[in-house]
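Visitor: What follows is the file upload_4.csv, containing CSV, C-alpha atoms:
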```csv
chain,number,residue,atom,x,y,z
A,10,MET,CA,1.6,13.8,-6.6
A,11,ASN,CA,1.7,11.7,-3.5
A,12,LYS,CA,-1.5,9.7,-3.6
A,13,THR,CA,-1.1,8.5,0.0
A,14,ARG,CA,-1.7,12.1,1.2
A,15,LYS,CA,-5.3,12.7,2.2
A,16,THR,CA,-7.1,15.7,3.6
A,17,GLN,CA,-7.6,14.3,7.0
A,18,ASP,CA,-6.7,15.4,10.5
A,19,ILE,CA,-6.8,12.1,12.4
A,20,TYR,CA,-3.6,10.3,13.1
A,21,VAL,CA,-2.8,7.3,15.4
A,22,ILE,CA,0.1,7.0,17.8
A,23,ASP,CA,1.6,4.0,19.5
A,24,SER,CA,4.8,2.2,20.3
A,25,MET,CA,6.2,-1.3,19.9
A,26,PRO,CA,9.2,-3.1,21.4
A,27,LEU,CA,12.2,-3.8,19.3
A,28,ARG,CA,14.0,-6.8,20.7
A,29,ILE,CA,17.7,-6.9,20.3
A,30,CYS,CA,18.3,-10.3,21.8
A,31,LYS,CA,16.8,-12.7,24.3
A,32,ILE,CA,16.5,-11.3,27.8
A,33,ALA,CA,18.6,-14.1,29.2
A,34,ARG,CA,21.6,-12.8,27.2
A,35,GLN,CA,21.2,-9.1,28.1
A,36,HIS,CA,24.1,-9.0,30.6
A,37,ARG,CA,26.7,-10.4,28.2
A,38,SER,CA,25.3,-9.0,25.0
A,39,THR,CA,27.4,-6.3,23.2
A,40,ILE,CA,25.0,-6.0,20.2
A,41,CYS,CA,24.1,-2.4,19.3
A,42,ARG,CA,26.0,-1.0,22.3
A,43,ASP,CA,28.4,1.1,20.2
A,44,ASP,CA,26.4,4.4,20.5
A,45,ALA,CA,26.1,6.0,23.9
A,46,ASN,CA,23.1,8.0,22.8
A,47,LEU,CA,20.9,4.9,22.0
A,48,VAL,CA,21.7,1.9,24.1
A,49,PRO,CA,19.4,-1.2,24.4
A,50,GLN,CA,17.7,-1.5,27.8
A,51,ARG,CA,15.6,-4.0,29.8
A,52,ALA,CA,12.0,-2.7,29.7
A,53,TRP,CA,8.5,-3.7,30.4
A,54,CYS,CA,6.0,-4.1,27.5
A,55,ALA,CA,2.5,-3.6,29.0
A,56,SER,CA,0.6,-4.7,25.9
A,57,GLN,CA,2.4,-8.0,25.7
A,58,ASP,CA,2.7,-8.3,29.5
A,59,GLU,CA,6.4,-9.2,29.5
A,60,TRP,CA,10.0,-7.9,29.9
A,61,TYR,CA,12.2,-7.5,26.9
A,62,TYR,CA,15.7,-6.3,26.1
A,63,GLY,CA,16.1,-3.8,23.3
A,64,LEU,CA,14.7,-0.5,22.1
A,65,LYS,CA,11.3,1.0,21.4
A,66,LEU,CA,9.7,2.2,18.1
A,67,ASN,CA,7.3,5.1,18.4
A,68,ILE,CA,5.1,5.6,15.3
A,69,VAL,CA,2.5,8.0,14.2
A,70,CYS,CA,0.4,6.8,11.2
A,71,THR,CA,-2.6,8.1,9.2
A,72,GLY,CA,-6.1,6.7,9.5
A,73,GLU,CA,-5.2,4.5,6.6
A,74,GLY,CA,-2.1,3.0,8.3
A,75,VAL,CA,0.6,5.0,6.4
A,76,VAL,CA,3.6,5.9,8.6
A,77,LYS,CA,4.0,9.7,8.9
A,78,ALA,CA,6.5,10.0,11.8
A,79,PHE,CA,8.6,7.6,13.8
A,80,LYS,CA,11.4,7.5,16.3
A,81,VAL,CA,13.6,4.8,17.8
A,82,ALA,CA,14.0,5.5,21.5
A,83,ASP,CA,15.1,4.3,24.9
A,84,PRO,CA,12.4,1.8,26.0
A,85,THR,CA,12.5,3.0,29.6
A,86,ILE,CA,11.2,6.5,28.5
A,87,HIS,CA,7.4,6.7,28.8
A,88,ASP,CA,5.5,6.8,25.5
A,89,ILE,CA,3.8,10.1,26.4
A,90,HIS,CA,7.1,12.0,26.0
A,91,TYR,CA,7.1,11.3,22.3
A,92,LEU,CA,4.2,13.7,22.0
A,93,ASP,CA,6.7,16.5,22.8
A,94,ASP,CA,8.6,15.7,19.6
A,95,ILE,CA,5.7,15.6,17.2
A,96,GLY,CA,3.4,18.4,18.4
A,97,GLU,CA,4.9,21.0,16.1
A,98,ASP,CA,4.5,18.7,13.0
A,99,PHE,CA,0.8,17.8,13.7
A,100,ARG,CA,-0.7,21.2,14.4
A,101,GLY,CA,-4.5,21.3,14.2
A,102,CYS,CA,-4.8,17.6,14.1
A,103,ARG,CA,-6.5,14.9,16.2
A,104,ILE,CA,-4.1,12.2,17.5
A,105,VAL,CA,-5.6,8.9,18.8
A,106,GLY,CA,-3.6,6.9,21.3
A,107,ASP,CA,-4.2,4.1,23.7
A,108,LYS,CA,-4.5,4.3,27.5
A,109,GLY,CA,-0.7,4.7,27.8
A,110,TYR,CA,-1.1,8.3,26.5
A,111,ILE,CA,-3.7,9.4,29.2
A,112,SER,CA,-2.4,12.5,30.8
A,113,LYS,CA,-4.8,15.4,31.5
A,114,GLY,CA,-1.9,17.9,31.8
A,115,ARG,CA,-0.2,16.8,28.6
A,116,LYS,CA,-3.5,16.8,26.8
A,117,GLN,CA,-4.1,20.4,27.7
A,118,GLU,CA,-0.5,21.4,26.8
A,119,LEU,CA,-0.9,19.9,23.3
A,120,LEU,CA,-4.2,21.7,22.8
A,121,ASN,CA,-2.8,25.1,24.0
A,122,ASP,CA,0.6,24.9,22.3
A,123,TYR,CA,-0.2,23.2,19.0
A,124,ASN,CA,-4.0,22.9,18.8
A,125,VAL,CA,-3.6,19.1,18.8
A,126,HIS,CA,-6.5,17.1,20.2
A,127,LEU,CA,-5.3,13.9,22.0
A,128,GLU,CA,-8.0,11.2,22.1
A,129,THR,CA,-7.6,8.2,24.3
A,130,PRO,CA,-10.0,5.5,25.6
A,131,PRO,CA,-11.0,6.2,29.2
A,132,LYS,CA,-9.8,4.1,32.1
A,133,LYS,CA,-12.3,2.0,33.9
A,134,ASN,CA,-12.2,4.1,37.1
A,135,GLN,CA,-12.1,7.5,35.2
A,136,LYS,CA,-14.7,10.0,36.1
A,137,ASN,CA,-16.8,11.8,33.5
A,138,GLN,CA,-16.1,9.1,30.9
A,139,LYS,CA,-16.8,10.1,27.3
A,140,PRO,CA,-17.5,7.3,24.7
A,141,PHE,CA,-14.4,6.5,22.7
A,142,ILE,CA,-15.4,6.5,19.0
A,143,TYR,CA,-11.9,5.9,17.5
A,144,GLY,CA,-11.6,2.2,18.1
A,145,LYS,CA,-11.7,1.3,14.4
A,146,VAL,CA,-9.1,4.0,13.6
A,147,ARG,CA,-6.8,2.6,16.3
A,148,LYS,CA,-6.9,-0.8,14.7
A,149,LYS,CA,-4.9,0.5,11.7
A,150,ILE,CA,-1.7,0.9,13.8
A,151,GLU,CA,-2.2,-2.6,15.3
A,152,THR,CA,-2.5,-3.9,11.7
A,153,LEU,CA,0.7,-2.0,10.8
A,154,PHE,CA,2.6,-3.5,13.7
A,155,SER,CA,1.4,-7.0,12.9
A,156,GLN,CA,2.6,-6.5,9.3
A,157,LEU,CA,6.0,-5.3,10.4
A,158,ASN,CA,6.3,-8.3,12.8
A,159,VAL,CA,5.0,-11.1,10.6
A,160,GLN,CA,5.8,-10.0,7.0
A,161,PHE,CA,8.9,-7.9,7.6
A,162,ASN,CA,10.4,-9.7,10.6
A,163,ILE,CA,11.1,-6.5,12.4
A,164,GLN,CA,11.9,-8.3,15.6
A,165,ARG,CA,14.7,-10.4,14.1
A,166,ASN,CA,18.2,-8.8,14.5
A,167,PHE,CA,21.2,-9.9,12.5
A,168,THR,CA,23.4,-6.8,13.0
A,169,LYS,CA,26.0,-6.0,15.6
A,170,THR,CA,26.1,-2.2,15.4
A,171,ILE,CA,23.3,0.3,16.1
A,172,ARG,CA,23.9,1.9,12.6
A,173,GLY,CA,23.4,-1.4,10.9
A,174,TYR,CA,20.3,-2.1,13.0
A,175,LEU,CA,18.7,1.3,12.2
A,176,THR,CA,19.5,0.9,8.5
A,177,ARG,CA,17.6,-2.3,8.4
A,178,LEU,CA,14.7,-0.9,10.4
A,179,TYR,CA,14.4,2.2,8.2
A,180,SER,CA,14.6,0.1,5.0
A,181,LYS,CA,11.6,-2.0,6.3
A,182,LEU,CA,9.6,1.1,7.1
A,183,CYS,CA,10.4,2.6,3.7
A,184,THR,CA,9.4,-0.7,2.0
A,185,ILE,CA,6.0,-1.0,3.7
A,186,THR,CA,5.3,2.6,2.7
A,187,LEU,CA,6.3,1.9,-0.9
A,188,LEU,CA,4.0,-1.2,-1.0
A,189,GLN,CA,1.1,0.9,0.4
A,190,TYR,CA,1.7,3.5,-2.3
A,191,ILE,CA,1.7,0.8,-5.1
A,192,ASN,CA,-1.6,-0.5,-3.7
A,193,LYS,CA,-3.0,3.0,-3.7
A,194,CYS,CA,-2.0,3.7,-7.3
A,195,GLY,CA,-3.4,0.3,-8.4
A,196,GLY,CA,-6.7,0.8,-6.7
A,197,LYS,CA,-6.2,-2.0,-4.2
A,198,PRO,CA,-6.8,-1.8,-0.5
A,199,ILE,CA,-3.8,0.1,0.9
A,200,GLY,CA,-3.3,-2.3,3.8
A,201,GLN,CA,-2.8,-5.5,1.7
A,202,VAL,CA,0.9,-5.0,1.3
A,203,GLN,CA,1.5,-8.8,1.0
A,204,TYR,CA,-0.1,-8.7,-2.5
A,205,ALA,CA,1.1,-5.3,-3.6
A,206,LEU,CA,3.6,-6.7,-6.2
A,207,LEU,CA,1.3,-9.4,-7.6
```
Can you give me the file's structure in the form of structure tokens?
Guide:
Amino acid sequence: MNKTRKTQDIYVIDSMPLRICKIARQHRSTICRDDANLVPQRAWCASQDEWYYGLKLNIVCTGEGVVKAFKVADPTIHDIHYLDDIGEDFRGCRIVGDKGYISKGRKQELLNDYNVHLETPPKKNQKNQKPFIYGKVRKKIETLFSQLNVQFNIQRNFTKTIRGYLTRLYSKLCTITLLQYINKCGGKPIGQVQYALL
């Protein structure tokens, strides 16, 4: 029995940049350019207020911070398009996103097609603002991203091919999920993956 499964209908969605190399080297870099379907690009990261060269990792996690779905994508494609890929798998759920996922039309489509309720914090100039009550839940994905960056060095790239890059990326996502499972089985806080094997 998978103890990380929980009867809940709240998930969190967000994306993070995956840097392939420094932006100054983007024009002469041949790293991970061997697959025409997934090529690193120069893109803007709004949350970190900077340009980067690489790919983008879209993640949906549970309210506990366990990865349920992910996709490595072209960083120039807007985050909201990832909702098209996951709607079918998250029928009847509530998905919490940041301000990058605000789209009245897409929100209604998700509700009509998949019974998915998309919750986002309101923009400052938005009319008929409702209080956003999912701030604490959203912090789980920020913690997950921080762990992937600091403990798993997800931003460091030592591979030359896209296959090698994705293999390393997937292994890190599998490892953090395994450590969360070990914590769950041992009665420890699921997010303290640094101490899971102690």
Visitor: For each of A:Ser112, A:Asn192, A:Gln117, A:Asn67, take the minimum atom-to-atom distance to Asp94 of chain A, counting all atoms listed in the file, then give the residue where this is smallest.
Guide: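 Answer, going by the shortest atom-to-atom distance: A:Asn67.
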Visitor: Mind running segment 71-132 of chain A against segment 142-149 of chain A at 7 Å and telling me each contacting residue's nearest atom pair with the distance in Å (one decimal), counting all atoms listed in the file, chain and number ascending, as a tab-separated table?
Guide:
```
residue	atom	partner	partner_atom	distance
A:Gly72	CA	A:Val146	CA	5.8
A:Glu73	CA	A:Lys149	CA	6.5
A:Gly74	CA	A:Lys149	CA	5.1
A:Val105	CA	A:Arg147	CA	6.9
```
Visitor: Within 9 Å of (10.6, 1.9, 25.3), all atoms listed in the file: residues as a PyMOL selection string?
Guide: chain A and resi 24-27+50-54+63-67+81-88
Visitor: Please dump the current selection as an mmCIF file, in the frame of the given file; keep C-alpha atoms.
Guide:
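The file below, out04.cif, is the result:
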```cif
data_model
loop_
_atom_site.group_PDB
_atom_site.id
_atom_site.type_symbol
_atom_site.label_atom_id
_atom_site.label_comp_id
_atom_site.auth_asym_id
_atom_site.auth_seq_id
_atom_site.Cartn_x
_atom_site.Cartn_y
_atom_site.Cartn_z
ATOM 1 C CA SER A 24 4.800 2.200 20.300
ATOM 2 C CA MET A 25 6.200 -1.300 19.900
ATOM 3 C CA PRO A 26 9.200 -3.100 21.400
ATOM 4 C CA LEU A 27 12.200 -3.800 19.300
ATOM 5 C CA GLN A 50 17.700 -1.500 27.800
ATOM 6 C CA ARG A 51 15.600 -4.000 29.800
ATOM 7 C CA ALA A 52 12.000 -2.700 29.700
ATOM 8 C CA TRP A 53 8.500 -3.700 30.400
ATOM 9 C CA CYS A 54 6.000 -4.100 27.500
ATOM 10 C CA GLY A 63 16.100 -3.800 23.300
ATOM 11 C CA LEU A 64 14.700 -0.500 22.100
ATOM 12 C CA LYS A 65 11.300 1.000 21.400
ATOM 13 C CA LEU A 66 9.700 2.200 18.100
ATOM 14 C CA ASN A 67 7.300 5.100 18.400
ATOM 15 C CA VAL A 81 13.600 4.800 17.800
ATOM 16 C CA ALA A 82 14.000 5.500 21.500
ATOM 17 C CA ASP A 83 15.100 4.300 24.900
ATOM 18 C CA PRO A 84 12.400 1.800 26.000
ATOM 19 C CA THR A 85 12.500 3.000 29.600
ATOM 20 C CA ILE A 86 11.200 6.500 28.500
ATOM 21 C CA HIS A 87 7.400 6.700 28.800
ATOM 22 C CA ASP A 88 5.500 6.800 25.500
#
```
Visitor: What's the 12 Å shell around segment 195-205 of chain A, counting all atoms listed in the file, without same-chain residues fewer than 4 positions away, as a list in words?
Guide: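 Contacts, with the query itself left out: Lys12, Thr13, Thr71, Gly72, Glu73, Gly74, Val75, Val76, Lys148, Lys149, Ile150, Glu151, Thr152, Leu153, Phe154, Ser155, Gln156, Leu157, Val159, Gln160, Phe161, Thr184, Ile185, Thr186, Leu187, Leu188, Gln189, Tyr190 and Ile191 of chain A.
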Visitor: Between A:Ala45, A:Phe79, A:Glu118, A:His126, which one has atoms that come closest to Phe99 of chain A, using only C-alpha atoms?
Guide: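 Once distances to Phe99 of chain A are computed over only C-alpha atoms, the minimum belongs to A:His126.
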Visitor: For atom CA of Leu92 of chain A and atom CA of Leu119 of chain A, quote the distance in Å rounded to one decimal.
Guide: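 According to the coordinates, atom CA of Leu92 of chain A and atom CA of Leu119 of chain A are separated by 8.1 Å.
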Visitor: Using all atoms listed in the file, which of A:Arg115, A:Lys108, A:Arg165, A:His90 sits nearest Pro130 of chain A?
Guide: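 For Pro130 of chain A, the nearest of the given residues is A:Lys108.
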Visitor: State, in Å with one decimal place, the distance from atom CA of Asp44 of chain A to atom CA of Ile171 of chain A.
Guide: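 Atom CA of Asp44 of chain A sits 6.8 Å away from atom CA of Ile171 of chain A.
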Visitor: One number please: atom CA of Leu127 of chain A to atom CA of Arg103 of chain A, in Å, one decimal.
Guide: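 Rounded to one decimal, the two atoms are 6.0 Å apart.
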Visitor: Quick one: of A:Asp23, A:Glu97, A:Asp43, A:Asp107, who's nearest to Cys70 of chain A, counting only C-alpha atoms?
Guide: A:Asp23
Visitor: I'd like the neighbourhood of Arg177 of chain A as a list of chain:residue names, where a residue qualifies if any of its atoms comes within 10 Å (using all atoms listed in the file), though same-chain residues fewer than 3 positions away should be ignored.
Guide: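 After dropping sequence-adjacent residues, the list is A:Ile163, A:Asn166, A:Phe167, A:Thr168, A:Ile171, A:Arg172, A:Gly173, A:Tyr174, A:Ser180, A:Lys181, A:Leu182, A:Cys183.
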Visitor: Taking into account only C-alpha atoms, which residue in the set A:Lys139, A:Lys169, A:Arg100, A:Lys193 is nearest to Arg42 of chain A?
Guide: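 The closest residue to Arg42 of chain A is A:Lys169.
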Visitor: Would you pick out the contacts of Tyr62 of chain A at 8 Å or less, using all atoms listed in the file, so that residues sharing its chain but fewer than 5 positions from it are not included, and give the list as a list of chain:residue names?
Guide: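 My reading of the contact set: A:Arg28, A:Ile29, A:Cys30, A:Lys31, A:Ile32, A:Gln35, A:Pro49, A:Gln50, A:Arg51, A:Ala52.
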Visitor: Since the input is missing atoms, can you rebuild N, CA and C atoms for segment 154-165 of chain A and write them as an mmCIF file, keeping the file's coordinate frame?
Guide:
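So the final result, stored in result11.cif, reads:
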```cif
data_model
loop_
_atom_site.group_PDB
_atom_site.id
_atom_site.type_symbol
_atom_site.label_atom_id
_atom_site.label_comp_id
_atom_site.auth_asym_id
_atom_site.auth_seq_id
_atom_site.Cartn_x
_atom_site.Cartn_y
_atom_site.Cartn_z
ATOM 1 N N PHE A 154 1.628 -2.774 12.893
ATOM 2 C CA PHE A 154 2.600 -3.500 13.700
ATOM 3 C C PHE A 154 2.628 -4.962 13.422
ATOM 4 N N SER A 155 1.470 -5.533 13.206
ATOM 5 C CA SER A 155 1.400 -7.000 12.900
ATOM 6 C C SER A 155 2.111 -7.234 11.548
ATOM 7 N N GLN A 156 1.924 -6.376 10.549
ATOM 8 C CA GLN A 156 2.600 -6.500 9.300
ATOM 9 C C GLN A 156 4.118 -6.414 9.424
ATOM 10 N N LEU A 157 4.553 -5.449 10.216
ATOM 11 C CA LEU A 157 6.000 -5.300 10.400
ATOM 12 C C LEU A 157 6.590 -6.493 11.147
ATOM 13 N N ASN A 158 5.834 -7.091 12.062
ATOM 14 C CA ASN A 158 6.300 -8.300 12.800
ATOM 15 C C ASN A 158 6.314 -9.525 11.928
ATOM 16 N N VAL A 159 5.189 -9.795 11.264
ATOM 17 C CA VAL A 159 5.000 -11.100 10.600
ATOM 18 C C VAL A 159 5.654 -11.050 9.165
ATOM 19 N N GLN A 160 5.356 -10.031 8.371
ATOM 20 C CA GLN A 160 5.800 -10.000 7.000
ATOM 21 C C GLN A 160 7.227 -9.430 6.831
ATOM 22 N N PHE A 161 7.619 -8.534 7.746
ATOM 23 C CA PHE A 161 8.900 -7.900 7.600
ATOM 24 C C PHE A 161 9.917 -8.302 8.690
ATOM 25 N N ASN A 162 9.517 -9.215 9.566
ATOM 26 C CA ASN A 162 10.400 -9.700 10.600
ATOM 27 C C ASN A 162 11.174 -8.642 11.344
ATOM 28 N N ILE A 163 10.464 -7.625 11.761
ATOM 29 C CA ILE A 163 11.100 -6.500 12.400
ATOM 30 C C ILE A 163 11.776 -6.827 13.716
ATOM 31 N N GLN A 164 11.340 -7.928 14.346
ATOM 32 C CA GLN A 164 11.900 -8.300 15.600
ATOM 33 C C GLN A 164 13.187 -9.152 15.497
ATOM 34 N N ARG A 165 13.504 -9.578 14.280
ATOM 35 C CA ARG A 165 14.700 -10.400 14.100
ATOM 36 C C ARG A 165 15.901 -9.456 13.832
#
```
